[in-house]
Amino acid sequence: MSRLNAANLDLAQEIIGRYPVARSATIPLLHLSQEQNGYVTRDAMQQIAELVDCTAAEVYGTASFYEMFKFEPIGKFCVNICRSISCHLVGGDELVEHAEHVLGIKPGGTTADGLFTLEAVECMAACTEAPTLQVNYRHRFRVTHEDFDRLIDDLRAGRLDGEIPPHGTLARERQHIPADRAAGNVSPDTPITPAWMEAAQ
Amino acid sequence: MTTYPWAAGYVAGDRPQIVTARFQYEDSHTLERYLATGGYQGLRAALAKPAASVHDDVKGATVLGRGGAGFPAGTKWGLTPAGKFPRYLVVNGDESEPGTYKDRLLMECDPHQLIEGCLIACYAAGLSQCFLYIRGEMAVAHERVGRALNEAYAAGYVGKNILGTKFSVDIALHWGAGAYVVGEETALIESLEGKRGEPRLKPPYFPAAIGLYGQPTIVNNVETLANLPWLLRNGVEAYTAIGTQTSPGTRMVAVSGHVKRPGVFEIINGTTTFRDLLYGEEFCGGIRNGNDLKAFVPGGGSAPWFTPEQLDLPFEGRLVGAAGSMLGSGAIMVMDSTTDIPKAALSLTRFYAHESCGQCTPCREGGTWLERILSRICDGHGTTSDLDLLIEVGTSICPGDFPHASSTKLGLEATPFPYKMTTICFVGPSAYAPVHSALTLFREEFEAKIVKRTSIPVTVGH
Ligand SMILES: Cc1cc2nc3c(=O)[nH]c(=O)nc-3n(C[C@H](O)[C@H](O)[C@H](O)COP(=O)(O)O)c2cc1C
Ligand code: SF4
């Protein structure tokens with residue numbers, strides 16, 4: 001089950017088709033397999049290696065560099081609280097402590113019911129709206145402790161399922177290049193002057 | 001002063017708007033709204049001229065890079081080796097420098113403006129394919145840009161024979177996956193090649209000469225490219241009429257921390273001062289609770305700090321550099337009189353230590369040591385020799401004098417930017433910058449923590 005299913009395999013081929021060199025699709029394909037399984041499995045990395053024409057070790061080498069990839073199951077909701085300077089100055093650290101208390105776990109931990117994973121993370125580009133957190137990479141701004149409690153209640157009760165997909169799903173809307181509109185990949189091995197530059201030469 | 005719930009943080013004012021004019025509309029991200037508000041007119045204007053003439057416009061307008069280094073985009077485009085093709089465009093949407101918040105807004109609220117900017121750049125500089133690299137943690141930006149690309153392809157603005165001309169280019173949306181250092185342009189290229197995001201050594205080869213797949217590659221920031229549609233629609237004169245000669249146009253700036261009203265502002269480049277931004281009623285309205293200002297970071301987490309003595313400096317790269325810091329990514333972080341300075345420095349240093357890719361020993365080891373020493377000082381386990389040790393470790397990353405602001409109170413002259421470094425990229429020096437600033441300007445706060453330490457230090461090595 002942890003290899004890509006038929007629909008995702010089609011999607012994988014489409015994604016690879018957007019790059020002149022297949023290996024560039026490594027990270028998008030890792031996201032795709034994380035979306036399917038909630039985390040990145042060994043089988044998935046083996047399959048991605050076959051798809052992008054490199055070794056499984058190379059895929060793992062890449063995957064392990066990036067913090068968003070998980071190699072074991074985590075909670076349905078990944079709650080990331082920012083602890084960088086702008087949040088630190090206005091209560092980010094206290095929010096992390098509050099979250100530890102409410103969820104009964106430390107950063108890096110997952111609740112026993114498998115619903116929540118807590119992470120203390122670095123700056124997520126919302127510095128004027130501090131303290132900030134993300135649930136499955138969707139922002140919440142100027143979060144008070146009461147806001148946090150309500151958010152956890154809402155997530156538990158499934159009230160935000162429409163807005164926040166389960167961990168692994170990043171964008172619910174994907175790019176698709178229609179075949180009849182595509183300009184096509186430009187390979188590094190084809191030293192062709194672009195058509196619109198020719199006149200100038 | 002107006003805010004919009006769909007553009008959290010953005011504050012509009014009675015100022016010229018080059019990149020944020022559409023933020024007032026809730027549907028600003030749709031093609032329909034974009035076309036109704038002058039969208040793709042810049043592209044049409046560009047396609048009506050030879051590529052070289054569009055390139056001349058961008059050179060003539062001195063569009064400075066908004067990603068951190070402030071290098072003029074038109075000059076950068078001219079650094080590709082003549083006649084060498086294909087060339088690629090890589091868009092840097094990795095925004096993750098502490099305090100920086102503008103590119104995500106531009107991608108979420110006006111994705112078509114960015115797409116149009118990419119197209120103009122590709123046309124002008126002869127770039128055959130474009131990769132739009134968006135930071136992984138920005139799910140909404142992925143959705144908005146993805147949808148906008150789908151709309152733009154369907155309407156004939158992107159892809160084959162754009163608007164019926166010979167100009168053809170694909171734009172592929174690419175996903176990051178969480179690693180600050182990937183924002184560095186050569187690491188971005190490595191990452192886009194499917195590898196670990198480790199910066200390449202440069203010089204000798206800058207991406208414009210040898211970049212993606214070994215080919216000439218232009219890397220530009222999201223905000224830089226977002227300026228181009230307006231420039232092409234309104235012309236060089238209109239663009240340079242705003243701002244100063246060395247810093248024309250506008251800039252997006254995020255002010256966070258201890259101000260009354262933190263926000264993201266599009267300001268006039270080169271003339272707006274830090275005092276305007278922190279205290280002006282149309283901006284942040286002063287320090288929270290009427291407190292005094294202690295210090296501020298003027299240009300992203302890696303910038304040396306300023307104190308109230310530098311408030312009257314304008315937002316201008318050369319002046320700020322001469323005063324001992326940098327404008328970087330347009331991020332100002334404000335600390336009031338209640339701030340625990342060593343802890344604030346620790347928060348920043350920990351960031352860079354944590355984000356080190358590990359290739360260079362001074363960064364990997366030095367950053368970690370700086371963090372450890374600072375932590376033990378903050379925890380009340382520090383010794384006086386720790387302060388010298390911080391400088392010693394810092395000097396192994398950046399030999400020689402490190403930039404800092406002047407202080408009449410301390411009798412200090414400014415040491416101007418930049419610094420020397422022993423590392424491949426700026427992550428190592430960035431770990432030291434907050435330590436150096438905090439120690440230079442607020443040494444007594446460190447000493448106080450050491451004097452009041454809560455435990456007797458053990459002297460058997462570390
Ligand atoms: C450690 C590091 C992180 C960086 N992060 C970013 C970033 O997130 N976004 C960005 O546009 N530039 C970032 N830069 C600057 C880029 O290397 C590059 O200069 C910039 O993208 C060029 O675009 P511009 O000329 O349009 O500013 C970073 C640089 C360094 C050294
Ligand atoms: S300075 Fe640090 S982050 Fe940059 S290349 Fe060296 S080890 Fe990596």
# chains A, B, ... in the order shown; residues from 1 in each chain; ligands from 1
>>> residues_near_ligand(ligand="ligand 1", cutoff="9 Å", atoms="only C-alpha atoms and all ligand atoms", output="JSON list (two decimals) with N, CA and C atoms, in the first residue's frame")
[["chain", "number", "residue", "atom", "x", "y", "z"],
["B", 63, "VAL", "N", 15.71, 48.34, -10.84],
["B", 63, "VAL", "CA", 14.89, 47.52, -9.94],
["B", 63, "VAL", "C", 15.84, 46.70, -9.07],
["B", 64, "LEU", "N", 15.92, 47.06, -7.79],
["B", 64, "LEU", "CA", 16.84, 46.36, -6.90],
["B", 64, "LEU", "C", 16.21, 45.04, -6.45],
["B", 65, "GLY", "N", 17.05, 44.00, -6.31],
["B", 65, "GLY", "CA", 16.57, 42.71, -5.82],
["B", 65, "GLY", "C", 16.01, 42.86, -4.42],
["B", 66, "ARG", "N", 14.87, 42.24, -4.18],
["B", 66, "ARG", "CA", 14.22, 42.36, -2.86],
["B", 66, "ARG", "C", 14.46, 41.13, -1.98],
["B", 67, "GLY", "N", 15.32, 40.22, -2.42],
["B", 67, "GLY", "CA", 15.51, 38.98, -1.65],
["B", 67, "GLY", "C", 16.50, 39.10, -0.51],
["B", 68, "GLY", "N", 17.34, 40.12, -0.54],
["B", 68, "GLY", "CA", 18.31, 40.27, 0.54],
["B", 68, "GLY", "C", 19.54, 41.05, 0.14],
["B", 69, "ALA", "N", 20.08, 40.75, -1.05],
["B", 69, "ALA", "CA", 21.36, 41.35, -1.42],
["B", 69, "ALA", "C", 21.18, 42.72, -2.09],
["B", 70, "GLY", "N", 20.00, 43.01, -2.60],
["B", 70, "GLY", "CA", 19.75, 44.31, -3.21],
["B", 70, "GLY", "C", 20.49, 44.55, -4.51],
["B", 71, "PHE", "N", 20.80, 43.49, -5.24],
["B", 71, "PHE", "CA", 21.52, 43.61, -6.51],
["B", 71, "PHE", "C", 20.51, 43.98, -7.61],
["B", 72, "PRO", "N", 20.87, 44.95, -8.50],
["B", 72, "PRO", "CA", 19.90, 45.36, -9.53],
["B", 72, "PRO", "C", 19.57, 44.21, -10.49],
["B", 73, "ALA", "N", 18.27, 43.97, -10.68],
["B", 73, "ALA", "CA", 17.83, 42.83, -11.49],
["B", 73, "ALA", "C", 18.33, 42.94, -12.93],
["B", 76, "LYS", "N", 21.89, 41.90, -13.20],
["B", 76, "LYS", "CA", 22.02, 40.45, -13.03],
["B", 76, "LYS", "C", 21.66, 39.73, -14.32],
["B", 90, "VAL", "N", 14.59, 30.83, -12.08],
["B", 90, "VAL", "CA", 14.14, 30.19, -10.84],
["B", 90, "VAL", "C", 13.63, 31.29, -9.91],
["B", 91, "VAL", "N", 12.38, 31.17, -9.53],
["B", 91, "VAL", "CA", 11.77, 32.19, -8.68],
["B", 91, "VAL", "C", 11.94, 31.78, -7.22],
["B", 92, "ASN", "N", 12.49, 32.69, -6.44],
["B", 92, "ASN", "CA", 12.75, 32.37, -5.04],
["B", 92, "ASN", "C", 11.56, 32.77, -4.17],
["B", 93, "GLY", "N", 10.72, 31.78, -3.88],
["B", 93, "GLY", "CA", 9.57, 31.99, -3.01],
["B", 93, "GLY", "C", 9.73, 31.19, -1.73],
["B", 94, "ASP", "N", 10.97, 31.20, -1.21],
["B", 94, "ASP", "CA", 11.27, 30.37, -0.04],
["B", 94, "ASP", "C", 11.18, 31.14, 1.27],
["B", 95, "GLU", "N", 10.77, 32.38, 1.20],
["B", 95, "GLU", "CA", 10.71, 33.30, 2.35],
["B", 95, "GLU", "C", 10.73, 32.61, 3.72],
["B", 96, "SER", "N", 11.85, 32.74, 4.42],
["B", 96, "SER", "CA", 11.93, 32.15, 5.77],
["B", 96, "SER", "C", 12.93, 32.84, 6.69],
["B", 97, "GLU", "N", 13.45, 33.99, 6.27],
["B", 97, "GLU", "CA", 14.35, 34.76, 7.14],
["B", 97, "GLU", "C", 13.55, 35.30, 8.33],
["B", 100, "THR", "N", 10.66, 38.15, 8.26],
["B", 100, "THR", "CA", 10.30, 38.50, 6.88],
["B", 100, "THR", "C", 8.92, 37.99, 6.52],
["B", 103, "ASP", "N", 6.60, 38.10, 0.74],
["B", 103, "ASP", "CA", 6.45, 37.25, -0.45],
["B", 103, "ASP", "C", 5.23, 36.34, -0.35],
["B", 135, "ARG", "N", 8.05, 27.95, -0.88],
["B", 135, "ARG", "CA", 8.36, 27.30, 0.39],
["B", 135, "ARG", "C", 7.29, 26.26, 0.72],
["B", 180, "TYR", "N", 15.52, 26.32, 5.78],
["B", 180, "TYR", "CA", 15.79, 27.75, 5.57],
["B", 180, "TYR", "C", 16.88, 28.00, 4.54],
["B", 181, "VAL", "N", 17.97, 27.22, 4.63],
["B", 181, "VAL", "CA", 19.14, 27.50, 3.80],
["B", 181, "VAL", "C", 18.84, 27.40, 2.31],
["B", 182, "VAL", "N", 17.77, 26.70, 1.97],
["B", 182, "VAL", "CA", 17.38, 26.56, 0.57],
["B", 182, "VAL", "C", 17.04, 27.92, -0.06],
["B", 183, "GLY", "N", 16.77, 28.93, 0.76],
["B", 183, "GLY", "CA", 16.54, 30.27, 0.23],
["B", 183, "GLY", "C", 17.77, 30.87, -0.41],
["B", 184, "GLU", "N", 18.95, 30.38, -0.03],
["B", 184, "GLU", "CA", 20.19, 30.84, -0.66],
["B", 184, "GLU", "C", 20.16, 30.33, -2.10],
["B", 185, "GLU", "N", 20.50, 31.19, -3.06],
["B", 185, "GLU", "CA", 20.17, 30.86, -4.45],
["B", 185, "GLU", "C", 20.81, 29.59, -4.99],
["B", 186, "THR", "N", 22.04, 29.29, -4.59],
["B", 186, "THR", "CA", 22.65, 28.06, -5.13],
["B", 186, "THR", "C", 22.07, 26.82, -4.45],
["B", 187, "ALA", "N", 21.68, 26.96, -3.17],
["B", 187, "ALA", "CA", 21.01, 25.85, -2.48],
["B", 187, "ALA", "C", 19.64, 25.62, -3.10],
["B", 188, "LEU", "N", 18.99, 26.71, -3.49],
["B", 188, "LEU", "CA", 17.68, 26.62, -4.15],
["B", 188, "LEU", "C", 17.81, 25.79, -5.43],
["B", 199, "PRO", "N", 24.31, 24.89, -0.17],
["B", 199, "PRO", "CA", 24.84, 25.94, -1.04],
["B", 199, "PRO", "C", 26.10, 25.50, -1.77],
["B", 218, "ILE", "N", 18.84, 32.61, -13.90],
["B", 218, "ILE", "CA", 18.55, 33.81, -13.13],
["B", 218, "ILE", "C", 17.69, 33.41, -11.94],
["B", 219, "VAL", "N", 18.15, 33.78, -10.75],
["B", 219, "VAL", "CA", 17.33, 33.58, -9.55],
["B", 219, "VAL", "C", 16.86, 34.94, -9.10],
["B", 220, "ASN", "N", 15.55, 35.12, -9.02],
["B", 220, "ASN", "CA", 15.00, 36.38, -8.53],
["B", 220, "ASN", "C", 13.95, 36.12, -7.45],
["B", 221, "ASN", "N", 13.88, 37.07, -6.55],
["B", 221, "ASN", "CA", 12.91, 37.04, -5.47],
["B", 221, "ASN", "C", 11.49, 37.34, -5.98],
["B", 222, "VAL", "N", 10.49, 36.86, -5.27],
["B", 222, "VAL", "CA", 9.09, 37.07, -5.64],
["B", 222, "VAL", "C", 8.76, 38.57, -5.77],
["B", 223, "GLU", "N", 9.16, 39.36, -4.78],
["B", 223, "GLU", "CA", 8.80, 40.79, -4.82],
["B", 223, "GLU", "C", 9.50, 41.49, -5.98],
["B", 224, "THR", "N", 10.75, 41.12, -6.26],
["B", 224, "THR", "CA", 11.47, 41.72, -7.38],
["B", 224, "THR", "C", 10.67, 41.56, -8.66],
["B", 225, "LEU", "N", 10.22, 40.32, -8.92],
["B", 225, "LEU", "CA", 9.50, 40.03, -10.16],
["B", 225, "LEU", "C", 8.12, 40.69, -10.16],
["B", 302, "SER", "N", 19.45, 38.22, 10.24],
["B", 302, "SER", "CA", 20.91, 38.19, 10.12],
["B", 302, "SER", "C", 21.54, 39.57, 10.19],
["B", 328, "GLY", "N", 18.63, 43.92, 4.00],
["B", 328, "GLY", "CA", 18.26, 42.53, 3.82],
["B", 328, "GLY", "C", 16.89, 42.36, 3.19],
["B", 329, "SER", "N", 16.03, 41.64, 3.89],
["B", 329, "SER", "CA", 14.77, 41.21, 3.31],
["B", 329, "SER", "C", 13.60, 42.08, 3.74],
["B", 352, "TYR", "N", 19.78, 30.15, 13.36],
["B", 352, "TYR", "CA", 20.83, 29.89, 12.36],
["B", 352, "TYR", "C", 21.61, 28.62, 12.68],
["B", 355, "GLU", "N", 19.55, 25.83, 11.48],
["B", 355, "GLU", "CA", 19.37, 25.77, 10.03],
["B", 355, "GLU", "C", 20.68, 25.53, 9.26],
["B", 356, "SER", "N", 21.79, 25.41, 9.96],
["B", 356, "SER", "CA", 23.07, 25.15, 9.28],
["B", 356, "SER", "C", 22.97, 23.85, 8.48],
["B", 425, "CYS", "N", 28.29, 30.15, 2.82],
["B", 425, "CYS", "CA", 27.17, 31.09, 2.70],
["B", 425, "CYS", "C", 27.03, 31.92, 3.97],
["B", 426, "PHE", "N", 25.96, 32.70, 4.06],
["B", 426, "PHE", "CA", 25.82, 33.68, 5.15],
["B", 426, "PHE", "C", 25.15, 33.11, 6.40],
["B", 427, "VAL", "N", 24.84, 31.83, 6.41],
["B", 427, "VAL", "CA", 24.17, 31.29, 7.59],
["B", 427, "VAL", "C", 25.11, 31.32, 8.80],
["B", 428, "GLY", "N", 26.38, 30.97, 8.57],
["B", 428, "GLY", "CA", 27.35, 30.99, 9.67],
["B", 428, "GLY", "C", 27.46, 32.39, 10.28],
["B", 430, "SER", "N", 25.47, 34.78, 10.11],
["B", 430, "SER", "CA", 24.19, 35.22, 10.65],
["B", 430, "SER", "C", 23.99, 34.71, 12.08]]
>>> interface_residues(of="chain A", to="chain B", cutoff="6 Å", atoms="only C-alpha atoms", output="ChimeraX atom specification")
/A:23-24,26,28,62,65-68,85-86,89,123,125-128,137,170-171,173-175,181-183,191-193,196
>>> write_last_selection(atoms="N, CA and C atoms", output="PDB file, in the first residue's frame")
ATOM      1  N   ARG A  23      14.931  13.977 -12.106  1.00  0.00           N
ATOM      2  CA  ARG A  23      15.263  13.988 -10.680  1.00  0.00           C
ATOM      3  C   ARG A  23      14.747  15.242  -9.965  1.00  0.00           C
ATOM      4  N   SER A  24      14.493  16.308 -10.740  1.00  0.00           N
ATOM      5  CA  SER A  24      13.935  17.525 -10.142  1.00  0.00           C
ATOM      6  C   SER A  24      12.581  17.270  -9.488  1.00  0.00           C
ATOM      7  N   THR A  26      11.868  14.967  -7.471  1.00  0.00           N
ATOM      8  CA  THR A  26      12.014  14.203  -6.225  1.00  0.00           C
ATOM      9  C   THR A  26      11.159  14.759  -5.082  1.00  0.00           C
ATOM     10  N   PRO A  28       8.600  17.070  -5.032  1.00  0.00           N
ATOM     11  CA  PRO A  28       7.151  16.962  -5.262  1.00  0.00           C
ATOM     12  C   PRO A  28       6.626  15.525  -5.126  1.00  0.00           C
ATOM     13  N   THR A  62      18.023  13.102   0.125  1.00  0.00           N
ATOM     14  CA  THR A  62      17.281  14.338  -0.092  1.00  0.00           C
ATOM     15  C   THR A  62      16.161  14.479   0.939  1.00  0.00           C
ATOM     16  N   PHE A  65      16.862  15.645   4.461  1.00  0.00           N
ATOM     17  CA  PHE A  65      17.372  17.013   4.629  1.00  0.00           C
ATOM     18  C   PHE A  65      16.242  17.971   5.002  1.00  0.00           C
ATOM     19  N   TYR A  66      15.019  17.629   4.636  1.00  0.00           N
ATOM     20  CA  TYR A  66      13.902  18.567   4.734  1.00  0.00           C
ATOM     21  C   TYR A  66      12.958  18.189   5.872  1.00  0.00           C
ATOM     22  N   GLU A  67      12.598  19.222   6.646  1.00  0.00           N
ATOM     23  CA  GLU A  67      11.857  18.950   7.877  1.00  0.00           C
ATOM     24  C   GLU A  67      10.430  18.491   7.672  1.00  0.00           C
ATOM     25  N   MET A  68       9.849  18.782   6.532  1.00  0.00           N
ATOM     26  CA  MET A  68       8.443  18.424   6.366  1.00  0.00           C
ATOM     27  C   MET A  68       8.231  16.930   6.139  1.00  0.00           C
ATOM     28  N   ILE A  85      12.177  34.837  16.518  1.00  0.00           N
ATOM     29  CA  ILE A  85      12.262  36.085  17.261  1.00  0.00           C
ATOM     30  C   ILE A  85      10.948  36.869  17.359  1.00  0.00           C
ATOM     31  N   SER A  86      10.240  37.072  16.247  1.00  0.00           N
ATOM     32  CA  SER A  86       9.047  37.928  16.297  1.00  0.00           C
ATOM     33  C   SER A  86       7.980  37.310  17.196  1.00  0.00           C
ATOM     34  N   LEU A  89       9.177  37.379  20.964  1.00  0.00           N
ATOM     35  CA  LEU A  89       9.030  38.674  21.636  1.00  0.00           C
ATOM     36  C   LEU A  89       7.622  38.888  22.197  1.00  0.00           C
ATOM     37  N   CYS A 123      10.581  30.464  12.070  1.00  0.00           N
ATOM     38  CA  CYS A 123       9.811  31.506  11.386  1.00  0.00           C
ATOM     39  C   CYS A 123       8.984  31.021  10.193  1.00  0.00           C
ATOM     40  N   ALA A 125       6.875  33.177   8.240  1.00  0.00           N
ATOM     41  CA  ALA A 125       6.428  34.276   7.378  1.00  0.00           C
ATOM     42  C   ALA A 125       5.045  34.793   7.747  1.00  0.00           C
ATOM     43  N   ALA A 126       4.890  35.143   9.015  1.00  0.00           N
ATOM     44  CA  ALA A 126       3.651  35.777   9.468  1.00  0.00           C
ATOM     45  C   ALA A 126       4.003  36.647  10.674  1.00  0.00           C
ATOM     46  N   CYS A 127       5.198  37.235  10.641  1.00  0.00           N
ATOM     47  CA  CYS A 127       5.829  37.821  11.825  1.00  0.00           C
ATOM     48  C   CYS A 127       5.050  38.968  12.444  1.00  0.00           C
ATOM     49  N   THR A 128       4.257  39.669  11.634  1.00  0.00           N
ATOM     50  CA  THR A 128       3.489  40.778  12.183  1.00  0.00           C
ATOM     51  C   THR A 128       2.240  40.247  12.892  1.00  0.00           C
ATOM     52  N   TYR A 137       0.168  23.163   8.015  1.00  0.00           N
ATOM     53  CA  TYR A 137       0.720  24.228   7.169  1.00  0.00           C
ATOM     54  C   TYR A 137      -0.309  25.274   6.754  1.00  0.00           C
ATOM     55  N   LEU A 170      -0.907  18.854   1.049  1.00  0.00           N
ATOM     56  CA  LEU A 170      -0.488  20.252   1.065  1.00  0.00           C
ATOM     57  C   LEU A 170      -1.515  21.080   0.324  1.00  0.00           C
ATOM     58  N   ALA A 171      -1.403  21.123  -0.990  1.00  0.00           N
ATOM     59  CA  ALA A 171      -2.337  21.926  -1.772  1.00  0.00           C
ATOM     60  C   ALA A 171      -3.470  21.029  -2.255  1.00  0.00           C
ATOM     61  N   GLU A 173      -5.365  22.052  -4.557  1.00  0.00           N
ATOM     62  CA  GLU A 173      -5.514  22.405  -5.955  1.00  0.00           C
ATOM     63  C   GLU A 173      -4.133  22.301  -6.589  1.00  0.00           C
ATOM     64  N   ARG A 174      -4.016  21.581  -7.682  1.00  0.00           N
ATOM     65  CA  ARG A 174      -2.720  21.341  -8.294  1.00  0.00           C
ATOM     66  C   ARG A 174      -2.594  22.033  -9.632  1.00  0.00           C
ATOM     67  N   GLN A 175      -1.349  22.230 -10.014  1.00  0.00           N
ATOM     68  CA  GLN A 175      -1.124  22.752 -11.357  1.00  0.00           C
ATOM     69  C   GLN A 175      -1.301  21.634 -12.373  1.00  0.00           C
ATOM     70  N   ARG A 181      -1.440  23.483 -24.672  1.00  0.00           N
ATOM     71  CA  ARG A 181      -0.928  24.814 -24.342  1.00  0.00           C
ATOM     72  C   ARG A 181       0.547  24.773 -23.927  1.00  0.00           C
ATOM     73  N   ALA A 182       1.086  23.573 -23.688  1.00  0.00           N
ATOM     74  CA  ALA A 182       2.441  23.466 -23.148  1.00  0.00           C
ATOM     75  C   ALA A 182       3.486  23.954 -24.147  1.00  0.00           C
ATOM     76  N   ALA A 183       4.430  24.724 -23.655  1.00  0.00           N
ATOM     77  CA  ALA A 183       5.563  25.113 -24.489  1.00  0.00           C
ATOM     78  C   ALA A 183       6.539  23.944 -24.576  1.00  0.00           C
ATOM     79  N   PRO A 191      21.040  23.446 -27.086  1.00  0.00           N
ATOM     80  CA  PRO A 191      21.480  24.848 -27.035  1.00  0.00           C
ATOM     81  C   PRO A 191      20.796  25.700 -28.104  1.00  0.00           C
ATOM     82  N   ILE A 192      19.485  25.824 -27.991  1.00  0.00           N
ATOM     83  CA  ILE A 192      18.734  26.558 -29.018  1.00  0.00           C
ATOM     84  C   ILE A 192      18.425  27.977 -28.540  1.00  0.00           C
ATOM     85  N   THR A 193      18.672  28.941 -29.397  1.00  0.00           N
ATOM     86  CA  THR A 193      18.305  30.319 -29.079  1.00  0.00           C
ATOM     87  C   THR A 193      16.786  30.424 -29.083  1.00  0.00           C
ATOM     88  N   TRP A 196      11.987  34.020 -29.777  1.00  0.00           N
ATOM     89  CA  TRP A 196      11.742  35.469 -29.698  1.00  0.00           C
ATOM     90  C   TRP A 196      13.024  36.271 -29.559  1.00  0.00           C
TER      91      TRP A 196
END
>>> select_by_dssp(residues="segment 267-415 of chain B", states="alpha helix (DSSP H)", output="PyMOL selection string")
chain B and resi 274-279+317-322+341-355+361-378+384-397
>>> atom_distance(atom1="atom CA of Thr271 of chain B", atom2="atom CA of Arg251 of chain B")
10.9 Å
